[in-house]
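For reference, the structure is listed below as structure tokens.
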Amino acid sequence: MVKVFRCAARHGYAVEVSPFIPNRVACAASQYYGIAGCGSLLVLDETESGLSLIRSWQWGDGLFDVAWSESNEHVMVAGGGDGSLQLWDTANHTAPLRVAKEHTQEVYSVDWSQTRGENLVVSGSWDQTAKVWDPALNQSLITLRGHEGVIYSTIWSPHISGCFASASGDGTLRVWDVKGGVCRLAVPAHNAEILSCDWCKYDQNIVATGSVDCSMCVWDLRNVRQPVNQLRGHTYAIRRVKFSPFTKSLLASCSYDFTVRSEEPKCGASLTERMDGRSEITCSLRLSSIIHTCVASQLIDRLSDVPQVPHTHTAVD
Amino acid sequence: MHRLKIISGHLSPSSGSSQDRRDLWRTECGSGPEDVVVVHGLRTAIGKAKRGAFKDTTPDELLSAVMTAVLKDVGLSPNKLGDVCVGNVLQPGAGALMARVAHFLSGFPETVPVYTVNRQCSSGLQALFNIAGAIRSGSIDLGLACGVESMSLRSIGNPGDLSSRLVDNDKARDCILPMGITSENVAERFGVSREKQDAFALSSQQKAAKAQTSGLFQQEIVPVTTKFVDDDGKEREVTVTKDDGIRAGTTLAGLGNSSQVSDGAAAVLIGRRSAVDALGLPVLGVLRASAVVGVPPDVMGIGPAFAIPAALEQAGLTVDDIDVFEINEAFASQAVYCVAKLGIPLEKVNPSGGAIALGHPLGCTGARQVVTLLNELKRRGRRAYGVVSMCIGTGMGAAAVFEYPGL
């Protein structure tokens with residue numbers, strides 16, 4: 001069953017399921033495919049009958065990514081086309097709690113660290129830098145340089161503290177050590193722009209990348225000379241990849257080819273689910289870490305779309 | 001623009017494998033070789049019935065003028081046409097004979113078939129739907145969709161043979177209401193004030209006058225040389241290039257707020273994209289959706305308020321996604337109602353005026369609106385969507401969504 005929320009004149013860019021409230025998602029959206037115009041941040045609750053709008057805020061530039069706080073159920077951070085990060089509170093109806101503007105170009109990714117004892121935000125920008133922030137966004141703690149193209153994705157490792165991975169238009173996947181302030185690993189992962197990366201939740205060495213070359217690669221960081229698996233199912237650029245929170249070897253992806261797929265790389269790239277029939281570019285997706293059967297995906301031309309997908313298969317390890 | 005460049009790069013990467021990739025900008029909205037595309041369209045000027053420039057011109061002549069000109073413009077031989085469909089309302093049998101005569105007057109070979117269709121005010125659009133359907137079903141590759149009406153030579157009148165039982169059925173009885181009464185019903189039932197109707201009608205005249213003065217209609221009108229009998233009974237030859245219903249200096253006081261009774265014709269060449277590409281023909285627009293729905297006959301004018309959402313849903317679009325709406329102004333009351341009901345910003349509606357100023361040659365109108373819409377989108381230059389819609393007597397509405405692919 002697919003539940004759809006439509007928001008006129010806004011194109012969905014990112015969707016994130018709340019880590020506290022299982023039926024709640026935050027959506028970052030932009031006007032005109034994010035190419036020009038304003039942005040919106042929306043909080044939606046899934047109800048029996050559909051998706052209901054809990055809160056929405058407008059921003060003067062496109063919003064490209066959003067992340068929920070891991071310590072406060074009301075708080076989110078969003079990244080915008082004006083280079084700003086904004087801290088939003090569902091209890092505050094009007095303005096963000098804080099706006100931090102250090103990036104000089106579009107902020108395309110934000111992520112809130114999940115490792116114990118750590119509470120940091122990382123942002124990736126088209127100014128080719130990644131910045132790490134304290135949770136109040138007072139000022140950036142460190143700026144990491146090294147990518148030679150725009151940064152599209154920055155994701156904290158769920159296992160290693162102070163470590164995140166980034167995907168860039170320069171075709172490399174990089175792994176960063178925040179404490180040392182250095183890039184520990186640069187993987188020339190694709191011969192094209194890499195739009196997304198994600199960490200396996202069950203193996204600290206496994207990272208997946210999704211690229212404009214239509215392929216998804218799974219990398220073992222201990223040996224990056226070649227990918228441990230390459231998945232070629234999509235027919236256009238892969239916009240986002242996400243590992244399942246429940247199944248070690250299950251990977252979901254969404255693409256400009258209008259489809260969302262979930263695949264099991266270990267059993268020979270077999271396609272396990274394919275959600276098709278979309279008339280628009282899928283831009284973002286998120287597997288719920290609380291509800292096993294819930295996938296939130298987002299279309300670039302329609303705001304948000306939460307299909308219930310029964311996962312009938314089992315893990316193959 | 002930087003952001004556009006980077007995001008476009010995701011769709012057409014400069015490096016990496018690109019051997020068997022289609023052009024994404026085309027496929028992005030579901031484009032493919034099976035699309036029904038509009039190649040070209042033209043119309044005659046629209047003349048005021050019984051007084052205007054075409055008062056002595058038979059419909060086969062009007063039709064032949066546009067049929068010939070459309071093919072000539074794109075250099076297509078008529079024997080490439082799989083079928084020709086002509087919308088007509090007032091000729092006997094919807095002008096089946098008249099259409100075949102026009103066909104031969106145009107120099108089309110006998111091997112090409114032709115037929116007519118009558119869905120009242122939507123006939124010209126229905127002709128396009130019919131040809132599009134034949135293309136989709138694989139029966140034909142290319143076809144000509146036309147519409148023609150001479151309201152000078154034929155009037156609405158004879159209802160044909162009807163059962164006396166029609167008076168026992170409310171809906172059936174409502175079908176014989178004069179259209180003017182249905183318009184009053186819409187105004188009364190949905191509270192469309194006289195002021196709103198008049199303001200809408202005046203704006204239609206003003207927009208049309210401005211469009212005519214700035215020469216916007218020149219690219220869509222094919223000049224027609226025909227005979228004209230003047231007041232003294234003398235016959236002379238005239239070449240008609242301008243709509244004669246537009247009244248530039250009109251005021252609220254001296255205004256009509258229903259469509260004019262008119263003569264005119266229009267033709268639109270459509271085909272399957274693969275066939276159109278193979279012949280090296282241009283693509284002016286893509287048919288994205290088509291819908292016809294029924295509404296109560298006594299308020300038939302509300303048809304577009306139901307047909308447009310149906311077509312938009314088919315296309316996966318919303319009112320916000322549409323740049324231009326060509327909504328037939330059968331009556332100001334129903335047009336105002338439909339626009340308000342759908343929440344369409346007025347500036348998107350009939351930017352070059354509508355039937356109140358230009359006239360409404362019944363069978364021609366739908367095809368004429370398609371021509372006007374695609375020319376307007378072409379002038380604007382950017383890739384955009386447009387809608388053509390009209391109400392239909394006896395209670396229906398029709399709507400089509402077109403995409404202009406951009407320069």
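A note on labels: chains of the structure tokens are A, B, ... as shown, every chain counts residues from 1, and ligands are counted from 1 in their shown order.
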
Strand (DSSP E) residues, from DSSP on the backbone, in segment 115-319 of chain B, as a VMD selection string: chain B and resid 115 to 117 142 to 150 224 to 229 235 to 240 262 to 272 285 to 294

Residues of segment 123-345 of chain B classed as helix (DSSP H, G or I) by DSSP on the backbone are to be reported as a PyMOL selection string. chain B and resi 123-136+164-168+170-174+179-189+194-213+216-219+273-278+297-315+319-321+332-341

Would you output that residue set with C-alpha atoms, as a compact mmCIF listing (two decimals), in the first residue's frame?
```txt
# COMPACT_ATOMS: atom_id res chain seq x y z
CA SER B 123 -15.46 18.00 -32.21
CA GLY B 124 -12.16 19.54 -33.30
CA LEU B 125 -10.43 18.15 -30.21
CA GLN B 126 -12.27 14.84 -30.53
CA ALA B 127 -10.90 14.56 -34.07
CA LEU B 128 -7.42 14.84 -32.57
CA PHE B 129 -8.27 12.26 -29.86
CA ASN B 130 -9.53 9.89 -32.58
CA ILE B 131 -6.39 10.20 -34.69
CA ALA B 132 -4.24 9.87 -31.55
CA GLY B 133 -6.16 6.71 -30.65
CA ALA B 134 -5.59 5.23 -34.10
CA ILE B 135 -1.88 6.00 -33.78
CA ARG B 136 -1.70 4.41 -30.33
CA SER B 164 -41.66 11.71 -26.90
CA ARG B 165 -40.58 9.86 -23.76
CA LEU B 166 -37.78 12.40 -23.37
CA VAL B 167 -40.11 14.62 -21.38
CA ASP B 168 -40.48 11.90 -18.73
CA ASP B 170 -35.23 14.94 -16.36
CA LYS B 171 -31.76 14.46 -17.76
CA ALA B 172 -32.99 13.64 -21.23
CA ARG B 173 -35.26 16.68 -21.18
CA ASP B 174 -32.39 18.89 -20.04
CA MET B 179 -27.32 26.58 -24.42
CA GLY B 180 -28.06 30.13 -23.26
CA ILE B 181 -30.36 28.73 -20.59
CA THR B 182 -27.70 26.30 -19.39
CA SER B 183 -25.35 29.27 -19.10
CA GLU B 184 -27.89 31.16 -16.98
CA ASN B 185 -28.25 28.03 -14.84
CA VAL B 186 -24.50 27.98 -14.18
CA ALA B 187 -24.47 31.69 -13.30
CA GLU B 188 -27.44 31.29 -10.97
CA ARG B 189 -26.54 27.99 -9.34
CA ARG B 194 -22.97 39.67 -14.14
CA GLU B 195 -20.03 41.90 -13.20
CA LYS B 196 -17.62 38.98 -13.14
CA GLN B 197 -18.91 37.71 -16.47
CA ASP B 198 -18.61 41.13 -18.09
CA ALA B 199 -15.14 41.72 -16.71
CA PHE B 200 -14.04 38.33 -18.07
CA ALA B 201 -15.58 39.07 -21.49
CA LEU B 202 -13.96 42.48 -21.66
CA SER B 203 -10.59 41.00 -20.76
CA SER B 204 -11.00 38.40 -23.53
CA GLN B 205 -11.60 41.18 -26.06
CA GLN B 206 -8.67 43.21 -24.78
CA LYS B 207 -6.26 40.26 -24.83
CA ALA B 208 -7.36 39.28 -28.34
CA ALA B 209 -7.04 42.86 -29.58
CA LYS B 210 -3.55 43.10 -28.15
CA ALA B 211 -2.55 39.76 -29.66
CA GLN B 212 -3.93 40.77 -33.04
CA THR B 213 -2.21 44.16 -33.02
CA LEU B 216 0.68 37.00 -32.67
CA PHE B 217 -1.95 35.27 -34.79
CA GLN B 218 0.00 35.65 -38.02
CA GLN B 219 2.00 32.48 -37.45
CA ARG B 273 7.11 10.05 -32.54
CA SER B 274 9.07 7.26 -34.21
CA ALA B 275 7.33 7.90 -37.55
CA VAL B 276 7.65 11.66 -37.19
CA ASP B 277 11.36 11.34 -36.41
CA ALA B 278 11.88 8.96 -39.33
CA PRO B 297 -26.93 18.55 -19.04
CA ASP B 298 -28.67 21.57 -17.48
CA VAL B 299 -25.30 23.03 -16.39
CA MET B 300 -23.27 21.64 -19.29
CA GLY B 301 -20.86 24.60 -19.07
CA ILE B 302 -19.14 23.21 -15.98
CA GLY B 303 -17.62 20.43 -18.13
CA PRO B 304 -14.03 21.79 -18.04
CA ALA B 305 -14.11 21.86 -14.21
CA PHE B 306 -14.35 18.06 -14.35
CA ALA B 307 -12.52 17.23 -17.57
CA ILE B 308 -9.36 19.23 -16.71
CA PRO B 309 -8.72 17.45 -13.37
CA ALA B 310 -9.29 14.10 -15.11
CA ALA B 311 -6.75 14.92 -17.81
CA LEU B 312 -4.26 16.35 -15.31
CA GLU B 313 -4.48 13.22 -13.21
CA GLN B 314 -3.78 11.09 -16.26
CA ALA B 315 -0.73 13.21 -16.98
CA VAL B 319 -2.87 23.01 -12.07
CA ASP B 320 0.41 24.52 -10.82
CA ASP B 321 2.38 22.60 -13.44
CA ALA B 332 -18.41 33.94 -19.70
CA SER B 333 -20.47 32.43 -16.87
CA GLN B 334 -19.21 28.90 -17.35
CA ALA B 335 -15.63 29.94 -18.12
CA VAL B 336 -15.47 32.11 -14.98
CA TYR B 337 -16.95 29.28 -12.92
CA CYS B 338 -14.49 26.65 -14.21
CA VAL B 339 -11.45 28.89 -13.75
CA ALA B 340 -12.46 29.79 -10.20
CA LYS B 341 -13.44 26.24 -9.30
```

Under the rule of at most 7 Å, produce a per-residue listing of chain A near chain B: chain, number, name, the closest pair of atoms, and the distance in Å, as CSV, using only C-alpha atoms.
```
residue,atom,partner,partner_atom,distance
A:Ala8,CA,B:Asp320,CA,6.9
A:Ala9,CA,B:Asp320,CA,6.5
A:Ile35,CA,B:Leu4,CA,5.5
A:Asn191,CA,B:Gly16,CA,5.5
A:Ala192,CA,B:Gly16,CA,5.6
A:Val212,CA,B:His10,CA,5.6
A:Asp213,CA,B:Gly16,CA,6.0
A:Tyr236,CA,B:Leu11,CA,7.0
A:Ala237,CA,B:His10,CA,6.0
```

May I have the selected residues written with C-alpha atoms, as an mmCIF file, in the first residue's frame?
```
data_model
loop_
_atom_site.group_PDB
_atom_site.id
_atom_site.type_symbol
_atom_site.label_atom_id
_atom_site.label_comp_id
_atom_site.auth_asym_id
_atom_site.auth_seq_id
_atom_site.Cartn_x
_atom_site.Cartn_y
_atom_site.Cartn_z
ATOM 1 C CA ALA A 8 2.089 21.841 -4.737
ATOM 2 C CA ALA A 9 5.074 23.416 -6.442
ATOM 3 C CA ILE A 35 17.292 24.541 -9.468
ATOM 4 C CA ASN A 191 34.429 6.965 -13.405
ATOM 5 C CA ALA A 192 31.557 9.350 -12.892
ATOM 6 C CA VAL A 212 25.722 8.795 -12.198
ATOM 7 C CA ASP A 213 27.119 5.836 -14.191
ATOM 8 C CA TYR A 236 19.837 6.411 -14.920
ATOM 9 C CA ALA A 237 21.884 8.079 -12.212
#
```

Pick out the residues sitting within 8 Å of segment 71-86 of chain B, and hand them over as a PyMOL selection string; count only C-alpha atoms, and ignore anything fewer than 6 positions along from it in its own chain. chain B and resi 40+99+108-109+111-117+123-124+127-128+130-131+139-148+269+281

One decimal, Å: what's the distance from atom CA of Glu148 of chain A over to atom CA of Glu118 of chain A, could you say?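 The value is 28.6 Å.
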
Who sits within 8 Å of Leu141 of chain A, only C-alpha atoms, same chain under 2 positions skipped, as an MDAnalysis selection string: chainID A and resid 131:134 139 143

Go ahead and write the residues just picked, C-alpha atoms, as a PDB file, in the first residue's frame.
```pdb
ATOM      1  CA  LYS A 131      32.209  20.511   8.114  1.00  0.00           C
ATOM      2  CA  VAL A 132      31.593  18.960  11.504  1.00  0.00           C
ATOM      3  CA  TRP A 133      29.421  20.844  13.989  1.00  0.00           C
ATOM      4  CA  ASP A 134      28.374  20.619  17.618  1.00  0.00           C
ATOM      5  CA  GLN A 139      30.269  27.074  14.955  1.00  0.00           C
ATOM      6  CA  THR A 143      36.483  21.881   8.090  1.00  0.00           C
TER       7      THR A 143
END
```
